[in-house]
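Taking it in order: structure first as structure tokens, then the write-up.
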Amino acid sequence: MLGKKELTRAGAILIVLLALLLIFLVMRPDPEPPVPTGEQEVELYFATPDAMYLQPETRIVPGEDFYYEVLQELIAGPQEEDLVRTIPEGTEIREIVRENETAYLDFNHILRDQHPGGSAGERMTVYSIVNTMTAVPGIQQVYILIEGEEIETLAGHLDLTLNYTFNYDIVEKENEEQQDE
Amino acid sequence: MSGSKTGERIMLGFFVLLLIFLASPALQAGEISIYYHGEDITEKLAPEEDGGNILVQARGLADLLDLELEWQEALETITLENSDDTLILMIGSNYYQINSRTESSGVPAQLIDETGYVPLEEVVRGFGYLTDEEEGEYYIFQPDTRIHEAYWSTEEQQLVLDMDKITPYRINPTDDSYSIEIEIDKAALADDFIDNISDRNFTLRVRESANEARLRFIISSQNPIPYRRDGGIEERAGNLVVNFLPMLVNVSWDSDDFLEIEANAGMKRPEVFLYDNPRRMVIDIPDLMLSEVDLELDDNDYVEDVRLSQFKEDPVVLRVVLELKEDSYLGIAEDVEPHKLVFYPTEENVVGNLDYRPGEISFVTSTEAKPEIFSLREPPRLVINMLNTTRDNDMASSLEIEDDMIKEIRTSRFDSQTVRLVAELKESSGYNWQSVEREDGTFLHTIQLENRLRDIAISQQAQMLGLRIQLSGEAEYEVRRFTHPYRIAVDISGMDLENRLDDFELPEPEGIIDEIRTGIIISGGERKFRIVFELNDYHSHQLLTDTPSSEIMLSLSTQEIQEFENIVVLDPGHGGFDPGAVSPNGLNESEVVLDISLRAAALLEDRGFDVIMTRNDDSFISLYERAEIANRAGAEIFVSVHSNAATRSAVGGLETYYGRGRESDSYYLARTMQNSMVNKLRLTDRGVKTDRFTVIRETEMPAVLLEIGFLSNPEEERLLGSSSFRERAAESIAEGIQKYRDSILEGEDYDAGKERIN
């Protein structure tokens with residue numbers, strides 16, 4: 001009789017353990033979405049000539065080191081004539097770290113030191129980086145770092161101790177295609 | 001099943017016999033299969049064929065259909081019954097009795113090897129089951145519903161199937177549009193079914209299919225069936241209702257000289273086209289079905305001939321083609337009954353003087369004419385057609401507009417006799433058309449776009465509650481305050497009153513707002529849209545926007561404003577190792593903005609303000625420190641002074657920023673400062689913007705950041721280097737702050753007016 005009781009208890013413990021395992025499996029945070037690989041079409045956000053808005057330009061990247069390639073293309077500047085580059089020449093990417101869909105983008109000092117300044121210019125730079133990087137899969141928000149350090153600001157206005165998500169207001173609304181009767 | 005002793009004995013007998021049957025292949029009915037609700041029950045019933053009729057074992061059938069079975073040896077009768085019906089068959093007789101009726105069967109009940117056999121069809125149908133036979137396969141099912149009548153309601157626009165209860169149904173697609181098929185599962189026609197559908201235009205056929213346990217109603221016509229193909233079947237009061245489209249009933253030339261097209265219900269507005277060779281008018285009427293109508297028109301000077309066709313079937317369009325006589329022009333009459341279209345003789349028209357003022361398109365026609373106006377949703381567009389019309393030679397072919405409501409207006413010769421104006425809108429809009437005769441006999445048409453409510457947002461900050469109403473376009477408005485109970489009413493002119501709350505949900509009231517409601521008021525003879533905010537507390541309010549505007553912003557104090565101490569913090573941007581923007585000739589932003597700020601401080605002190613500077617010299621102060629200085633000082637206003645830069649040297653102008661999400665406490669200051677700068681400095685107005693700048697985010701009082709000119713722009717660099725411009729910039733800052741302070745202190749108050757709301 002005692003043996004049966006013990007058996008029952010062992011069974012109960014086993015059930016509890018199994019339940020815990022199940023809970024653990026269910027509750028486990030989603031794994032980080034994979035980094036896209038292979039040729040990818042991406043949208044790079046560049047400034048409009050009046051430095052009021054950003055507009056996307058489509059580019060294809062090889063997808064061997066996806067996030068790096070996207071940012072590198074953004075630094076290289078637009079191909080379309082009526083868009084304006086947003087990142088000073090000579091800016092280099094030091095590191096890109098991604099954690100829980102947050103990207104920590106670390107640039108060299110050129111991004112800050114060669115920046116022309118002004119609220120308009122600072123907004124174009126920051127949001128072109130933010131919008132471009134949060135428009136690609138796997139990144140929801142962005143921190144901008146310089147030489148591995150958190151910065152208070154890039155050009156004296158925007159608070160860069162905060163993280164940034166996609167800014168819709170600064171994207172120029174495209175005119176719908178005008179069809180003719 | 002049967003409780004009686006006889007029953008038990010019979011069952012046993014049947015069972016024994018059944019085994020014998022199974023063992024004797026010669027007696028098997030071989031070819032016949034019987035299905036009950038899709039299940040093969042051939043074995044249970046051991047069917048026998050007799051001259052094309054099927055006989056089955058009485059016992060097996062009774063079990064299957066849940067019937068009581070009684071065998072009366074003396075009379076040689078088999079009685080089958082359930083709670084509703086009783087059926088009595090006599091062995092060897094073609095007559096059988098169902099309830100009190102006597103019927104005859106194709107084959108009599110028989111004893112085969114001592115086992116009672118009954119005719120399947122008669123018994124099964126007698127108990128209300130449906131049967132169907134197909135190549136030796138016999139199907140039985142019990143309908144869940146019976147259909148008693150099919151009839152038209154409301155002028156042949158709805159076909160109603162009167163049934164006991166609704167079972168699954170559908171409209172089957174048919175290849176031709178001349179028939180439709182309504183399929184109903186588990187249904188049968190009632191014995192007394194009445195067909196009130198078949199008439200001059202329609203024929204109804206009904207097909208029962210026990211095989212699939214369903215009933216099909218096939219309705220066909222000489223003409224395409226006016227079935228509303230987009231979801232035209234519905235349930236009403238336990239009946240099925242099939243919606244049909246309105247149908248053409250008459251085309252005639254009236255003795256009062258006009259052409260009339262009549263339908264059996266209201267018609268949608270047609271599209272009208274005019275063509276040459278031969279001269280003809282094509283009238284496309286949406287959602288209208290063709291029917292047999294007499295096309296002989298009475299003699300007239302305008303229309304030679306009429307042709308009709310079902311131009312399209314999905315979506316449905318009826319096309320009427322009028323062959324016009326030489327020099328005849330027809331126009332569409334307005335204000336006729338909805339189920340009629342009237343075309344009256346008119347003259348050729350010339351249109352010109354296309355013009356646009358915010359929210360209003362205007363043009364002039366040589367004769368009186370009512371343009372056809374269509375408001376489209378996708379893409380948002382207003383299409384204005386003028387029939388029998390040519391363009392004036394000097395009429396602009398298009399107007400580029402690009403304001404809140406409209407992008408551009410194009411004109412085109414749409415067909416040989418129609419001028420079309422297309423206004424590309426920012427979003428779809430209602431409109432008001434008006435036409436007045438001018439002194440020279442021509443007619444001025446104005447089409448006013450109606451405004452729509454886009455958003456109402458409430459935001460709460462310390463001591464303030466912000467209200468922001470966004471409209472699709474600019475509107476004149478008025479803000480009124482009432483007491484008992486306290487409420488703020490915003491009366492907006494030129495709104496789309498008919499569809500004013502389409503797709504719009506009012507926000508939940510919060511803070512001092514108890515309730516939000518909307519209505520229409522009549523004020524100064526004009527119907528206006530009113531939004532009422534009912535308050536549980538009121539101290540003062542501030543209208544933050546000008547009229548007209550597409551955005552109405554109000555700030556309500558949630559506490560009494562104490563004495564204003566006139567403490568202002570001026571924050572010259574950058575400094576120290578951070579020069580800010582640097583012009584091509586080496587002019588530093590930090591130096592320019594310090595000078596402007598010091599000048600502004602002097603002016604403000606003259607006006608009695610207590611000014612605190614975050615820096616008085618070229619030193620570096622962090623952004624958080626700047627905000628902290630203002631917070632510690634208990635400042636009432638914070639103004640950060642900057643100059644801008646951009647990559648392209650052509651970019652120039654003025655901007656004012658307020659902190660993101662700080663509409664209720666900082667937007668009015670931003671608006672006031674931007675207006676003051678734009679008026680005084682005459683540079684491009686780049687607008688009031690919002691962003692997450694540290695100094696306007698971390699400060700606890702109304703705070704703005706000014707961007708005065710672009711150092712990257714050579715002309716503005718020159719200005720920013722000059723004392724006179726810096727002095728004017730300082731004046732614009734001082735004046736803006738003064739104006740803000742004055743209006744905050746004085747507040748805005750309106751006399752309680754008469755309020756009528758419906």
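Chain labels A, B, ... are given in the sequence in which chains occur in the structure tokens; within each chain residues are numbered consecutively from 1, and ligands are likewise numbered from 1 in the order shown.
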Members of stretch 5-48 of chain A assigned alpha helix (DSSP H) by DSSP, as a VMD selection string: chain A and resid 5 to 27
Keeping C-alpha atoms, export the residues of the selection given above as an mmCIF file, in the first residue's frame.
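Final file, part_21.cif:
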```cif
data_model
loop_
_atom_site.group_PDB
_atom_site.id
_atom_site.type_symbol
_atom_site.label_atom_id
_atom_site.label_comp_id
_atom_site.auth_asym_id
_atom_site.auth_seq_id
_atom_site.Cartn_x
_atom_site.Cartn_y
_atom_site.Cartn_z
ATOM 1 C CA LYS A 5 1.186 5.946 -2.364
ATOM 2 C CA GLU A 6 4.780 6.738 -3.177
ATOM 3 C CA LEU A 7 4.177 5.863 -6.744
ATOM 4 C CA THR A 8 1.233 8.232 -6.857
ATOM 5 C CA ARG A 9 3.371 10.981 -5.360
ATOM 6 C CA ALA A 10 6.149 10.351 -7.862
ATOM 7 C CA GLY A 11 3.555 10.508 -10.625
ATOM 8 C CA ALA A 12 2.245 13.826 -9.314
ATOM 9 C CA ILE A 13 5.743 15.277 -9.194
ATOM 10 C CA LEU A 14 6.391 14.105 -12.711
ATOM 11 C CA ILE A 15 3.199 15.775 -13.907
ATOM 12 C CA VAL A 16 4.164 19.024 -12.192
ATOM 13 C CA LEU A 17 7.607 18.879 -13.776
ATOM 14 C CA LEU A 18 6.130 18.241 -17.188
ATOM 15 C CA ALA A 19 3.727 21.150 -16.711
ATOM 16 C CA LEU A 20 6.624 23.402 -15.708
ATOM 17 C CA LEU A 21 8.579 22.311 -18.754
ATOM 18 C CA LEU A 22 5.581 23.071 -20.939
ATOM 19 C CA ILE A 23 5.168 26.510 -19.349
ATOM 20 C CA PHE A 24 8.856 27.170 -19.852
ATOM 21 C CA LEU A 25 8.617 26.184 -23.506
ATOM 22 C CA VAL A 26 5.556 28.337 -24.081
ATOM 23 C CA MET A 27 6.746 31.360 -22.126
#
```
B:Pro507 environment, 7 Å, only C-alpha atoms, sequence neighbours closer than 2 positions dropped, as a PyMOL selection string: chain B and resi 456-457+505+509
For the residues in that selection, give me N, CA and C atoms as a PDB file, in the first residue's frame.
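Final output, saved to result.pdb:
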```pdb
ATOM      1  N   ILE B 456     -10.216  64.007 -33.449  1.00  0.00           N
ATOM      2  CA  ILE B 456     -10.296  64.822 -32.242  1.00  0.00           C
ATOM      3  C   ILE B 456      -9.385  64.146 -31.230  1.00  0.00           C
ATOM      4  N   ALA B 457      -8.427  64.899 -30.717  1.00  0.00           N
ATOM      5  CA  ALA B 457      -7.498  64.296 -29.759  1.00  0.00           C
ATOM      6  C   ALA B 457      -7.481  65.126 -28.484  1.00  0.00           C
ATOM      7  N   GLU B 505     -15.136  58.026 -34.883  1.00  0.00           N
ATOM      8  CA  GLU B 505     -15.516  57.706 -33.522  1.00  0.00           C
ATOM      9  C   GLU B 505     -15.006  58.802 -32.607  1.00  0.00           C
ATOM     10  N   PRO B 509     -14.155  60.757 -23.276  1.00  0.00           N
ATOM     11  CA  PRO B 509     -13.878  61.959 -22.485  1.00  0.00           C
ATOM     12  C   PRO B 509     -12.871  61.651 -21.382  1.00  0.00           C
TER      13      PRO B 509
END
```
Pick from B:Ala650, B:Val704, B:Met464, B:Ala730, whichever lies nearest to chain A using only C-alpha atoms: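 Selected residue with least distance to chain A: B:Ala650.
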List as a Markdown table every residue of chain A that is in contact with chain B, defined as an atom at most 6 Å from one of its atoms (using only C-alpha atoms), together with the nearest atom pair and the distance in Å rounded to one decimal, sorted by chain and then rising number.
```
| residue | atom | partner | partner_atom | distance |
| --- | --- | --- | --- | --- |
| A:Asp50 | CA | B:Val651 | CA | 5.5 |
| A:Pro116 | CA | B:Ala581 | CA | 5.7 |
| A:Gly117 | CA | B:Ala581 | CA | 4.4 |
| A:Gly118 | CA | B:Asn644 | CA | 4.0 |
| A:Ser119 | CA | B:Asn644 | CA | 6.0 |
| A:Gly121 | CA | B:Ala646 | CA | 5.0 |
| A:His157 | CA | B:Phe693 | CA | 4.8 |
| A:Leu158 | CA | B:Phe693 | CA | 4.2 |
| A:Asp159 | CA | B:Thr694 | CA | 5.0 |
```
Point-to-point distance from atom CA of B:Glu347 to atom CA of B:Val436, Å rounded to tenths: 18.0 Å
Distance in Å - atom CA of B:Ser328 versus atom CA of B:Val342: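 Interatomic distance here is 15.4 Å.
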Contacts of B:Asp195 within 9 Å, only C-alpha atoms, excl. fewer than 5 positions in-chain, as a list in words: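 Once the nearby chain positions are removed, what remains is His148, Glu149, Ala150, Tyr151 and Leu204 of chain B.
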Point-to-point distance from atom CA of B:Leu683 to atom CA of B:Pro572, Å rounded to tenths: 20.4 Å
Pick from B:Arg726, B:Met281, B:Gln222, B:Tyr344, whichever lies nearest to B:Ser255 using only C-alpha atoms: B:Tyr344
Neighbour list for B:Asn99 as a ChimeraX atom specification, cut-off 8 Å, only C-alpha atoms, skip fewer than 4 positions in-chain: /B:85-87
Generate the output file for the selected residues, C-alpha atoms, as a PDB file, in the first residue's frame.
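Now in selection_5.pdb:
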```
ATOM      1  CA  ASP B  85     -48.762   9.810 -39.799  1.00  0.00           C
ATOM      2  CA  THR B  86     -50.233   6.331 -40.167  1.00  0.00           C
ATOM      3  CA  LEU B  87     -49.843   4.252 -43.279  1.00  0.00           C
TER       4      LEU B  87
END
```
Stretch 48-163 of chain B: residues DSSP assigns to strand (DSSP E), reported as a PyMOL selection string: chain B and resi 48-50+53-57+68-72+77-81+86-90+95-98+101-104+110-112+115-119+130-134+137-141+145-153+158-163
Could you please take those selected residues and save C-alpha atoms as a PDB file, in the first residue's frame?
```pdb
ATOM      1  CA  GLU B  48     -36.375  -6.259 -54.513  1.00  0.00           C
ATOM      2  CA  GLU B  49     -37.267  -4.870 -57.868  1.00  0.00           C
ATOM      3  CA  ASP B  50     -40.703  -5.397 -59.334  1.00  0.00           C
ATOM      4  CA  ASN B  53     -40.651  -0.319 -58.515  1.00  0.00           C
ATOM      5  CA  ILE B  54     -38.565  -1.034 -55.461  1.00  0.00           C
ATOM      6  CA  LEU B  55     -39.842  -3.120 -52.597  1.00  0.00           C
ATOM      7  CA  VAL B  56     -38.053  -3.210 -49.277  1.00  0.00           C
ATOM      8  CA  GLN B  57     -38.383  -5.150 -46.080  1.00  0.00           C
ATOM      9  CA  GLU B  68     -43.969   1.505 -35.277  1.00  0.00           C
ATOM     10  CA  LEU B  69     -44.697  -1.655 -37.286  1.00  0.00           C
ATOM     11  CA  GLU B  70     -47.670  -3.939 -36.787  1.00  0.00           C
ATOM     12  CA  TRP B  71     -48.528  -7.058 -38.726  1.00  0.00           C
ATOM     13  CA  GLN B  72     -52.141  -8.205 -38.597  1.00  0.00           C
ATOM     14  CA  THR B  77     -52.116  -5.740 -43.344  1.00  0.00           C
ATOM     15  CA  ILE B  78     -48.936  -3.952 -42.406  1.00  0.00           C
ATOM     16  CA  THR B  79     -49.390  -0.805 -40.357  1.00  0.00           C
ATOM     17  CA  LEU B  80     -46.553   1.709 -40.138  1.00  0.00           C
ATOM     18  CA  GLU B  81     -46.924   4.766 -37.985  1.00  0.00           C
ATOM     19  CA  THR B  86     -50.233   6.331 -40.167  1.00  0.00           C
ATOM     20  CA  LEU B  87     -49.843   4.252 -43.279  1.00  0.00           C
ATOM     21  CA  ILE B  88     -51.672   0.954 -43.817  1.00  0.00           C
ATOM     22  CA  LEU B  89     -50.811  -1.436 -46.637  1.00  0.00           C
ATOM     23  CA  MET B  90     -52.607  -4.643 -47.526  1.00  0.00           C
ATOM     24  CA  TYR B  95     -54.283   0.616 -52.631  1.00  0.00           C
ATOM     25  CA  TYR B  96     -52.917   1.821 -49.351  1.00  0.00           C
ATOM     26  CA  GLN B  97     -54.198   4.203 -46.770  1.00  0.00           C
ATOM     27  CA  ILE B  98     -52.275   7.179 -45.514  1.00  0.00           C
ATOM     28  CA  ARG B 101     -56.576   9.228 -47.549  1.00  0.00           C
ATOM     29  CA  THR B 102     -56.421   6.312 -49.883  1.00  0.00           C
ATOM     30  CA  GLU B 103     -53.676   6.262 -52.497  1.00  0.00           C
ATOM     31  CA  SER B 104     -52.484   3.764 -55.016  1.00  0.00           C
ATOM     32  CA  GLN B 110     -46.096  -8.455 -50.708  1.00  0.00           C
ATOM     33  CA  LEU B 111     -44.946 -11.361 -48.691  1.00  0.00           C
ATOM     34  CA  ILE B 112     -41.745 -12.733 -50.070  1.00  0.00           C
ATOM     35  CA  THR B 115     -41.340 -11.599 -45.001  1.00  0.00           C
ATOM     36  CA  GLY B 116     -43.376  -8.437 -45.397  1.00  0.00           C
ATOM     37  CA  TYR B 117     -42.228  -6.157 -48.210  1.00  0.00           C
ATOM     38  CA  VAL B 118     -43.530  -2.655 -48.876  1.00  0.00           C
ATOM     39  CA  PRO B 119     -43.110  -0.262 -51.811  1.00  0.00           C
ATOM     40  CA  LEU B 130     -37.625  13.082 -50.181  1.00  0.00           C
ATOM     41  CA  THR B 131     -36.459  10.482 -52.656  1.00  0.00           C
ATOM     42  CA  ASP B 132     -34.392  10.571 -55.769  1.00  0.00           C
ATOM     43  CA  GLU B 133     -33.331   7.832 -58.099  1.00  0.00           C
ATOM     44  CA  GLU B 134     -30.370   7.830 -60.396  1.00  0.00           C
ATOM     45  CA  GLU B 137     -29.130   4.340 -56.877  1.00  0.00           C
ATOM     46  CA  TYR B 138     -31.919   5.369 -54.631  1.00  0.00           C
ATOM     47  CA  TYR B 139     -31.614   8.274 -52.202  1.00  0.00           C
ATOM     48  CA  ILE B 140     -33.743   9.047 -49.171  1.00  0.00           C
ATOM     49  CA  PHE B 141     -33.476  12.046 -46.945  1.00  0.00           C
ATOM     50  CA  THR B 145     -37.618  22.666 -43.980  1.00  0.00           C
ATOM     51  CA  ARG B 146     -40.445  22.991 -46.470  1.00  0.00           C
ATOM     52  CA  ILE B 147     -41.005  25.766 -48.893  1.00  0.00           C
ATOM     53  CA  HIS B 148     -44.569  26.928 -49.218  1.00  0.00           C
ATOM     54  CA  GLU B 149     -44.428  29.748 -51.687  1.00  0.00           C
ATOM     55  CA  ALA B 150     -42.135  31.728 -53.947  1.00  0.00           C
ATOM     56  CA  TYR B 151     -43.314  35.255 -54.645  1.00  0.00           C
ATOM     57  CA  TRP B 152     -42.222  38.752 -55.581  1.00  0.00           C
ATOM     58  CA  SER B 153     -42.329  41.549 -53.095  1.00  0.00           C
ATOM     59  CA  GLN B 158     -37.247  40.962 -54.042  1.00  0.00           C
ATOM     60  CA  LEU B 159     -37.950  37.317 -54.510  1.00  0.00           C
ATOM     61  CA  VAL B 160     -39.175  35.723 -51.314  1.00  0.00           C
ATOM     62  CA  LEU B 161     -39.096  32.033 -50.519  1.00  0.00           C
ATOM     63  CA  ASP B 162     -41.567  31.372 -47.742  1.00  0.00           C
ATOM     64  CA  MET B 163     -40.181  28.467 -45.751  1.00  0.00           C
TER      65      MET B 163
END
```
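Here the question is which of A:Gly156, A:Pro31, A:Pro88, A:Gly148 gets nearest to A:Thr125 using only C-alpha atoms, and that residue is A:Pro88.
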Excluding B:Ile361 and any residue of its chain fewer than 2 positions from it, enumerate the residues within 7 Å of it, using only C-alpha atoms, and give them as a compact mmCIF listing (two decimals) with N, CA and C atoms, in the first residue's frame.
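Below is the file result_18.txt, written as the result:
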```txt
# COMPACT_ATOMS: atom_id res chain seq x y z
N ASP B 355 -11.50 78.66 -62.18
CA ASP B 355 -10.76 79.34 -61.12
C ASP B 355 -10.84 78.52 -59.83
N TYR B 356 -9.93 78.80 -58.92
CA TYR B 356 -9.95 78.09 -57.64
C TYR B 356 -9.60 79.04 -56.52
N ARG B 357 -10.40 79.00 -55.47
CA ARG B 357 -10.07 79.64 -54.21
C ARG B 357 -10.13 78.53 -53.17
N GLY B 359 -10.86 75.63 -51.24
CA GLY B 359 -12.09 74.87 -51.02
C GLY B 359 -13.19 75.13 -52.01
N THR B 446 -20.26 77.64 -58.78
CA THR B 446 -19.25 77.42 -57.76
C THR B 446 -19.50 76.05 -57.12
N ILE B 447 -18.42 75.34 -56.94
CA ILE B 447 -18.52 74.03 -56.29
C ILE B 447 -17.64 74.09 -55.06
N GLN B 448 -18.29 74.04 -53.91
CA GLN B 448 -17.55 74.12 -52.66
C GLN B 448 -17.31 72.72 -52.12
```
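Near B:Val320, within a cut-off of 10 Å and counting only C-alpha atoms, sit the residues Val251, Ile261, Pro270, Val272, Met281, Val282, Ile283, Asp284, Ile285, Leu290, Val306, Arg307, Leu308, Ser309, Gln310 and Phe311 of chain B, with same-chain residues fewer than 5 positions away left out.
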